[in-house]
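A.B. asks: Next up, coords08.cif (mmCIF, C-alpha atoms).
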```
data_target
loop_
_atom_site.group_PDB
_atom_site.id
_atom_site.type_symbol
_atom_site.label_atom_id
_atom_site.label_comp_id
_atom_site.auth_asym_id
_atom_site.auth_seq_id
_atom_site.Cartn_x
_atom_site.Cartn_y
_atom_site.Cartn_z
ATOM 1 C CA MET A 1 125.472 74.219 96.597
ATOM 2 C CA ILE A 2 125.418 74.463 100.386
ATOM 3 C CA LYS A 3 128.305 73.547 102.621
ATOM 4 C CA THR A 4 127.498 72.192 106.065
ATOM 5 C CA ASN A 5 130.078 70.525 108.238
ATOM 6 C CA ASN A 6 132.464 70.534 105.276
ATOM 7 C CA LYS A 7 130.015 68.482 103.209
ATOM 8 C CA GLU A 8 128.602 69.795 99.979
ATOM 9 C CA GLN A 9 124.926 69.316 99.337
ATOM 10 C CA THR A 10 123.036 70.212 96.216
ATOM 11 C CA THR A 11 119.690 71.894 96.743
ATOM 12 C CA ASN A 12 116.878 72.657 94.346
ATOM 13 C CA ASN A 13 115.532 76.141 94.919
ATOM 14 C CA LEU A 14 112.045 77.182 93.950
ATOM 15 C CA ILE A 15 113.082 80.844 94.096
ATOM 16 C CA ASP A 16 116.485 82.463 94.005
ATOM 17 C CA ARG A 17 118.229 83.822 97.083
ATOM 18 C CA GLU A 18 117.456 87.492 96.324
ATOM 19 C CA GLU A 19 113.743 86.769 95.972
ATOM 20 C CA LEU A 20 113.742 84.846 99.257
ATOM 21 C CA GLU A 21 115.530 87.696 101.014
ATOM 22 C CA ALA A 22 113.007 90.195 99.642
ATOM 23 C CA TRP A 23 110.067 88.094 100.857
ATOM 24 C CA THR A 24 111.720 87.604 104.256
ATOM 25 C CA GLU A 25 112.222 91.349 104.613
ATOM 26 C CA THR A 26 108.605 91.999 103.625
ATOM 27 C CA VAL A 27 107.352 89.538 106.243
ATOM 28 C CA GLU A 28 109.472 91.227 108.913
ATOM 29 C CA LEU A 29 108.138 94.664 107.973
ATOM 30 C CA LEU A 30 104.532 93.476 108.009
ATOM 31 C CA LYS A 31 104.966 92.218 111.580
ATOM 32 C CA ASP A 32 105.296 95.841 112.724
ATOM 33 C CA PRO A 33 101.804 96.991 113.821
ATOM 34 C CA ASN A 34 102.840 100.660 113.690
ATOM 35 C CA LEU A 35 103.879 100.340 110.079
ATOM 36 C CA LEU A 36 100.562 98.754 109.128
ATOM 37 C CA ALA A 37 98.665 101.519 110.939
ATOM 38 C CA ASP A 38 100.721 104.174 109.132
ATOM 39 C CA ILE A 39 100.002 102.564 105.760
ATOM 40 C CA GLU A 40 96.276 102.416 106.502
ATOM 41 C CA SER A 41 96.286 106.046 107.614
ATOM 42 C CA ALA A 42 98.100 107.109 104.450
ATOM 43 C CA ARG A 43 95.611 105.227 102.285
ATOM 44 C CA LYS A 44 92.679 106.968 103.983
ATOM 45 C CA GLU A 45 94.315 110.372 103.532
ATOM 46 C CA TYR A 46 94.883 109.624 99.857
ATOM 47 C CA GLU A 47 91.280 108.483 99.339
ATOM 48 C CA GLU A 48 90.052 111.688 101.011
ATOM 49 C CA GLY A 49 92.221 113.823 98.751
ATOM 50 C CA GLU A 50 94.584 114.878 101.521
ATOM 51 C CA THR A 51 97.655 114.917 99.322
ATOM 52 C CA LEU A 52 100.461 117.357 98.590
ATOM 53 C CA THR A 53 102.131 118.119 95.302
ATOM 54 C CA MET A 54 105.912 117.859 94.959
ATOM 55 C CA ASN A 55 106.088 121.683 94.952
ATOM 56 C CA GLU A 56 104.195 121.816 98.237
ATOM 57 C CA VAL A 57 106.522 119.288 99.833
ATOM 58 C CA PHE A 58 109.719 120.922 98.614
#
```
How does the structure come out when it is put into structure tokens?
C.D. replies:
Amino acid sequence: MIKTNNKEQTTNNLIDREELEAWTETVELLKDPNLLADIESARKEYEEGETLTMNEVF
């Protein structure tokens, strides 16, 4: 139920609000070119075996 101008309207949702919010957040994150470059860089490092163990990190 959505209230607009004190009127109640029933809507049929294909996905629930939490799912929509998650997708919206994902879209916003993917708009960041620096984030996409960082992800690509991390994938290349992983493929080349440039990884650290948990003990090496901590």
A.B. asks: Give me, please, the distance in Å between CA of Glu48 in chain A and CA of Val27 in chain A, quoted to one decimal.
C.D. replies: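 Between CA of Glu48 in chain A and CA of Val27 in chain A the gap is 28.6 Å.
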A.B. asks: So the first atom is CA of Met54 in chain A and the second is CA of Ala42 in chain A; what is the distance between them in Å, to one decimal place?
C.D. replies: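 Distance between the two atoms: 16.3 Å.
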A.B. asks: Quote the spacing between CA of Leu30 in chain A and CA of Thr53 in chain A in Å to one decimal place.
C.D. replies: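 It comes out at 27.8 Å.
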A.B. asks: Give, as AutoDock Vina command-line options, the centre coordinates and the x, y and z edge lengths in Å to one decimal for an axis-aligned box around all listed atoms of range 32-49 of chain A, padded by 8 Å on each side.
C.D. replies:
```
--center_x 97.7 --center_y 104.8 --center_z 106.3 --size_x 31.2 --size_y 34.0 --size_z 31.1
```
